[in-house]
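Novice: This is the structure I have questions about; it appears just below.
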Amino acid sequence: MVFNSLTFVVFFALVLALHNLPLPWRTKKINLLVASWLFYAAWNPPFVLLLWISTVVDWWAARGLVAARRPASRHAWMLLSVVANLGMLAYFKYGAFLLDNFGLAMASLGVAYRPPAFDIVLPVGISFYTFATMSYTLDVYLRRAAPARSFLDYALFVTFFPHLVAGPIMRPTELVPQFETPRRASADQLCFGLALMTLGLFQKVVLADGFLAGPVEMVYDGAKPPGMLDAWAATLAFSGQIFCDFAGYSTTAIGAALCLGFALPDNFRFPYAAVGFSDFWRRWHITLSAWLRDYLYIPLGGSRHGAARTYGALMATMLLGGLWHGASWTFVVWGGLHGAYLAAERALRARFAGWRPGGPALVGLGLLTFALVNLAWVFFRAKTFAGAWSVLEGMLGGNRGAPPILPAVDLLAVAVIVGGIVAAHWLMRRRTLESAIAQVPAPVLCAVWACLMFAVAIEQGSGNAFIYFQF
Amino acid sequence: MPSSISSSERVRSEPLPGRPGLVRPTAADRPGVAQPVPERDVPSKPWPAMLAAAALVAALALGAWEARMRAVGLVPGDVGDYPSGWAEQRRRLDAGDVPVAIAGDSRILFDTDLDRFERLTGTRPVQLALVGTNARYIVEDVARAANFRGLLIVGIADTSYFRADFGYGADALARYRFESPSQRSGRWLHGWLSQALAFLDEDYRLSKLVHRLDDGWRAGADRYYAATWKLLTMRPDRAARMWSRIEQPGQLQEHARWFWLHGPQRPPASDALVADTIRRTREAVAAIRARGGEVVFLRPPSAGPLREMQERQMPRARGWEPLLREADVRGVHYQDVPAMQGLVMPEYSHLSGACATVYTDAYVRALAGLTPRLALRADAPPPLSPGDCVPRR
């Protein structure tokens, strides 16, 4: 089920009530585990089996590699986990993509091969929970963590519903210890958790779905080539939409976990105030970028083996990171662009090692970063390269004479919302949300909170899935 | 290697050198190590009191909003038309024992009074008509419903039936084919809340109201005005009726008329498309009959310049008549029945609520004369006439 649904409201109220009953801690954990399975099954019950397979395989793989005496055995257990998880991911997420591209490759060699129909439904959140379970075996393999002592704690780490389908992508060391001792939210934690959930739902329901999705669809899914204003407005709208959608999910997830007494890590830190791309990736989808860094970039050599190897590892990581987001070459290009940005930044930092931008230069570099991030978003959002080129052409002033597309009310909404997001990120770029809230008088916070609740209620929402569910 | 994953292994969170002000390190700041249990601080505020106050203010604002929406004309009990509602009705065909179902586009959806139908025949049809939809796809879907052996009444607008695409109905059919448990429970909860809250209306969401403020501010751009706004009210069994505000002269009625006349238009159907539509209809009808079912067609009325425009696009002699003849089905065209003349269509396309009752009365009686699948009850009420719904001058 999605957070922005009436079903979730009822589900969460029941889970919260159960969690606060005077029951043994083990019973509460079983309640949470069953609730999390129900949360997942509410999309498509049979896919719970995949979740169970992923859970059980990694549990036994970790135990196996701890018990293994020979390095080869440890290696084999680790590979079992990686192959099982990536195999599931490859089959369900990339099966059709691989077959289609194999068919194209054959055709380019003059071999007529028509791949069979591959009509497989993508299990929601499979990219997230496979990465979470893999981090468990990989951390044990890398001797960063010992296996969990209790299968219940481990299964709950994989399945805990706030993070299950769209992150933050948890590491075992972040969550398993939280299940070892009884936890119950204090009144302040419960209320602050609800405030975070309200904020997250406002971002998703009102901003992303209500005001930003429309202009994005009109331009990106429409048939007309956009002029410069429409192309930029739609792309800026998408930058706001995807932030509000995904950061909204993370904020809601963090709030839901806090209501139950658990802490999830930050997944976003005001990313549109980033100066440079290494800064951007320390602020955007932090748990994924850190995952890719720890389990892909560093094992590929990281920055320890010279410049060429570093750039190669960087590009490989970003290309695969792009592919993680979806089985399409447009996502690969998006990842490749970010890889190129990071590589260029690295080279420039080496060239101008002593330079520290200040004041206007910092803002200018921040705006340049934001503009380049937006250029990359074109490939992320467009369904085809033709669509991406059409929008890019518009952004670069190529579609002269194109008829206007977006109504003025949309242009206004994009300017206000995206302008507000970017301004807020710059104001907040060196602080946390909590530290800012601490400085606001309680009556003002009350008024803002009531407005957010009211706006979410009257926007209603239509239970649209979060964008990142498809990844 | 640590002895276990335990909370005693927390890493203290400290501002990192070179990153001043980032008071809470994240995984981004800790490469290649085990990530510690996250820390989440709660700002020092009177949170319970703030929650109570915010909830109270929001509840008061919602109360005022509900009153405003009722003043606008929204009513509790109008559950709206969603794919899940259609899917629920469609599943009734699979359960079997459905004597009458209705397929079609918005015209037969608005123009059928299920209560009147039931009073006349003792049967309450399953309503499968959908707005903005090509009824042929629904007929073809019913043809695949193995347990349906009843009477299918197909109400068509010619221009909608003789088109290639499915229209909005595609979402409903997809929902019927797969509806997740959370979608089902969501529909149930929404229906339950809608019984008490009028403001829960898709067409009166905050963003839609804001969008409608733009009355063509940017010359030549797409307009939210050029879309259908709220036209109907719907009960849980998909019994639909024209929204009372559309029946009254004013901006909403004018918008609806404007939309039908000046909104997006389809090109006239090609001869090939007409032939294909008739062929596919014939095959679907044959499949339903092969199982013991029957199919009849209705052409509900339209009015004013819309009728003239649609008759130009798809004349009766090009669409309706060959369809009945070549698909070997019987039907009732509103032009042939005196009791269907002079009915009120406030926005040219659909009947007023009162006239929908009169039209239903007329078509049920007409169909009862065409097919033994539909019979009037012995205690059926007397016939209605257009005078029963047309306001007296």
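We label chains A, B, ... in the order they appear in the structure tokens, count residues from 1 in each chain, and number ligands from 1 in the order shown.
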Which chain B residues are at most 7 Å from chain A (counting only C-alpha atoms), as a VMD selection string?
Specialist: chain B and resid 1 to 7 21 to 23 26 to 28 31 to 40 42 to 45 47 to 48 50 to 51 53 to 55 57 to 58 61 to 62 180 to 182 185 to 186 189 200 205 to 207 211 214 217 to 218 220 to 223
Novice: Could the residues in this selection be saved with C-alpha atoms as an mmCIF file, in the first residue's frame?
Specialist:
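result_23.cif written:
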```
data_model
loop_
_atom_site.group_PDB
_atom_site.id
_atom_site.type_symbol
_atom_site.label_atom_id
_atom_site.label_comp_id
_atom_site.auth_asym_id
_atom_site.auth_seq_id
_atom_site.Cartn_x
_atom_site.Cartn_y
_atom_site.Cartn_z
ATOM 1 C CA MET B 1 35.188 -7.997 13.384
ATOM 2 C CA PRO B 2 32.639 -6.808 15.910
ATOM 3 C CA SER B 3 31.205 -9.459 18.172
ATOM 4 C CA SER B 4 27.680 -8.642 17.151
ATOM 5 C CA ILE B 5 25.520 -5.981 15.623
ATOM 6 C CA SER B 6 24.548 -4.169 18.731
ATOM 7 C CA SER B 7 23.453 -0.762 19.781
ATOM 8 C CA GLY B 21 27.185 23.019 10.069
ATOM 9 C CA LEU B 22 26.239 19.533 8.947
ATOM 10 C CA VAL B 23 25.291 18.651 12.447
ATOM 11 C CA THR B 26 25.010 10.460 7.309
ATOM 12 C CA ALA B 27 26.299 7.439 5.441
ATOM 13 C CA ALA B 28 27.651 9.940 2.900
ATOM 14 C CA PRO B 31 32.722 5.648 3.530
ATOM 15 C CA GLY B 32 33.541 1.985 3.750
ATOM 16 C CA VAL B 33 32.548 1.353 7.336
ATOM 17 C CA ALA B 34 29.641 -0.192 9.193
ATOM 18 C CA GLN B 35 26.949 2.459 9.460
ATOM 19 C CA PRO B 36 25.881 3.114 13.048
ATOM 20 C CA VAL B 37 22.359 3.326 14.432
ATOM 21 C CA PRO B 38 20.965 6.642 13.172
ATOM 22 C CA GLU B 39 20.211 9.372 15.632
ATOM 23 C CA ARG B 40 17.060 11.420 15.312
ATOM 24 C CA VAL B 42 13.332 15.832 18.363
ATOM 25 C CA PRO B 43 13.310 19.624 18.566
ATOM 26 C CA SER B 44 12.442 20.834 22.023
ATOM 27 C CA LYS B 45 8.814 21.914 21.672
ATOM 28 C CA TRP B 47 4.685 18.588 20.678
ATOM 29 C CA PRO B 48 1.543 16.982 22.167
ATOM 30 C CA MET B 50 1.022 21.468 19.239
ATOM 31 C CA LEU B 51 -0.483 18.353 17.685
ATOM 32 C CA ALA B 53 -3.869 22.581 18.431
ATOM 33 C CA ALA B 54 -2.930 21.877 14.825
ATOM 34 C CA ALA B 55 -5.439 19.046 14.563
ATOM 35 C CA VAL B 57 -7.417 24.114 13.596
ATOM 36 C CA ALA B 58 -7.260 21.702 10.665
ATOM 37 C CA ALA B 61 -10.879 24.478 8.561
ATOM 38 C CA LEU B 62 -12.100 21.194 7.113
ATOM 39 C CA SER B 180 -4.623 -5.005 -5.519
ATOM 40 C CA PRO B 181 -5.963 -5.612 -2.034
ATOM 41 C CA SER B 182 -5.025 -2.050 -1.058
ATOM 42 C CA SER B 185 -9.776 -1.491 0.632
ATOM 43 C CA GLY B 186 -9.120 2.066 -0.554
ATOM 44 C CA LEU B 189 -12.886 3.322 2.717
ATOM 45 C CA LEU B 200 -14.244 14.165 -1.133
ATOM 46 C CA ARG B 205 -9.496 18.941 -5.287
ATOM 47 C CA LEU B 206 -7.407 21.915 -4.304
ATOM 48 C CA SER B 207 -5.167 21.746 -7.379
ATOM 49 C CA HIS B 211 -6.037 25.349 -12.171
ATOM 50 C CA ASP B 214 -6.675 30.216 -15.346
ATOM 51 C CA TRP B 217 -4.237 33.663 -19.405
ATOM 52 C CA ARG B 218 -1.550 32.485 -21.802
ATOM 53 C CA GLY B 220 -2.501 29.661 -27.393
ATOM 54 C CA ALA B 221 -1.523 27.388 -24.492
ATOM 55 C CA ASP B 222 -3.431 24.318 -23.375
ATOM 56 C CA ARG B 223 -6.233 25.205 -21.022
#
```
Novice: With a distance cut-off of 10 Å and only C-alpha atoms, select the neighbouring residues of Pro305 in chain B, excluding the residue or stretch itself and same-chain residues fewer than 2 positions from it, and output the selection as a list in words.
Specialist: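 Near Pro305 in chain B, the qualifying residues are Arg257, Trp260, Leu261, Ser302, Ala303, Arg307, Glu308, Met309, Gln310, Glu311, Tyr348 and Ser349 of chain B.
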Novice: Quick one: of A:Asn31, A:Ser127, A:Ser36, A:Asn101, who's nearest to Leu323 in chain A, counting only C-alpha atoms?
Specialist: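 Smallest distance to Leu323 in chain A is found for A:Ser127.
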Novice: Quick one: residues within 12 Å of Ala368 in chain B, only C-alpha atoms counted, chain neighbours fewer than 2 positions away excluded, as a PyMOL selection string?
Specialist: chain B and resi 117+120-121+151+153+296+330-332+360-366+370-377
Novice: When you draw a straight line from CA of Glu217 in chain A to CA of Thr384 in chain A, how long is it in Å?
Specialist: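 Between CA of Glu217 in chain A and CA of Thr384 in chain A the gap works out to 13.9 Å.
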Novice: What's the separation between CA of Ala35 in chain A and CA of Phe178 in chain B, in Å to one decimal place?
Specialist: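 Computed distance, CA of Ala35 in chain A to CA of Phe178 in chain B, equals 22.6 Å.
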Novice: Tell me which of A:Gln241, A:Ser150, A:Ser73, A:Ser54 sits closest to Phe128 in chain A, counting only C-alpha atoms.
Specialist: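 Smallest separation from Phe128 in chain A among the options: A:Ser54.
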Novice: Range 24-184 of chain B: which residues are helix (DSSP H, G or I) by DSSP, as number ranges by chain?
Specialist: B: 27-29, 47-72, 83-95, 106-111, 114-121, 135-143, 158-161, 169-177, 181-184
Novice: Using only C-alpha atoms, which residue out of B:Ala275, B:Gln265, B:Gln183, B:Ala240 lies closest to Asn4 in chain A?
Specialist: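 Checking each candidate against Asn4 in chain A, we get B:Gln183 as the closest.
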Novice: Set the distance at 12 Å and use only C-alpha atoms: which residues neighbour Gly420 in chain A once local chain neighbours fewer than 3 positions away are removed? I'd like the list as number ranges by chain.
Specialist: A: 207, 236-237, 240, 244, 272-273, 412-417, 423-428
Novice: Tell me which of B:Gly80, B:Pro301, B:Gly369, B:Pro315 sits closest to Gln335 in chain B, counting only C-alpha atoms.
Specialist: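 Using only C-alpha atoms, the shortest distance to Gln335 in chain B belongs to B:Pro301.
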Novice: Using only C-alpha atoms, which protein or nucleic acid residues come within 6 Å of range 230-239 of chain B? Drop anything in the same chain fewer than 2 positions from it, and give the result as an MDAnalysis selection string.
Specialist: chainID B and resid 78:80 203 241:243
Novice: May I have the residues within 10 Å of Leu152 in chain B as a ChimeraX atom specification, using only C-alpha atoms and disregarding those fewer than 6 positions away in the same chain?
Specialist: /B:98-103,125-126,128,139,142-143,285,288,293-297,373
Novice: For a test of reading the model, state the distance in Å between CA of Pro322 in chain B and CA of Ala170 in chain B, rounded to one decimal.
Specialist: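 Separation between CA of Pro322 in chain B and CA of Ala170 in chain B: 26.4 Å.
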Novice: As a list of chain:residue names, please: the residues near range 79-83 of chain A (cut-off 7 Å, only C-alpha atoms, same-chain neighbours under 2 positions excluded).
Specialist: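 Those residues are A:Val57, A:Asp58, A:Ala61, A:His75, A:Ala76, A:Trp77, A:Asn85, A:Leu86, A:Gly87, A:Met134, A:Thr137.
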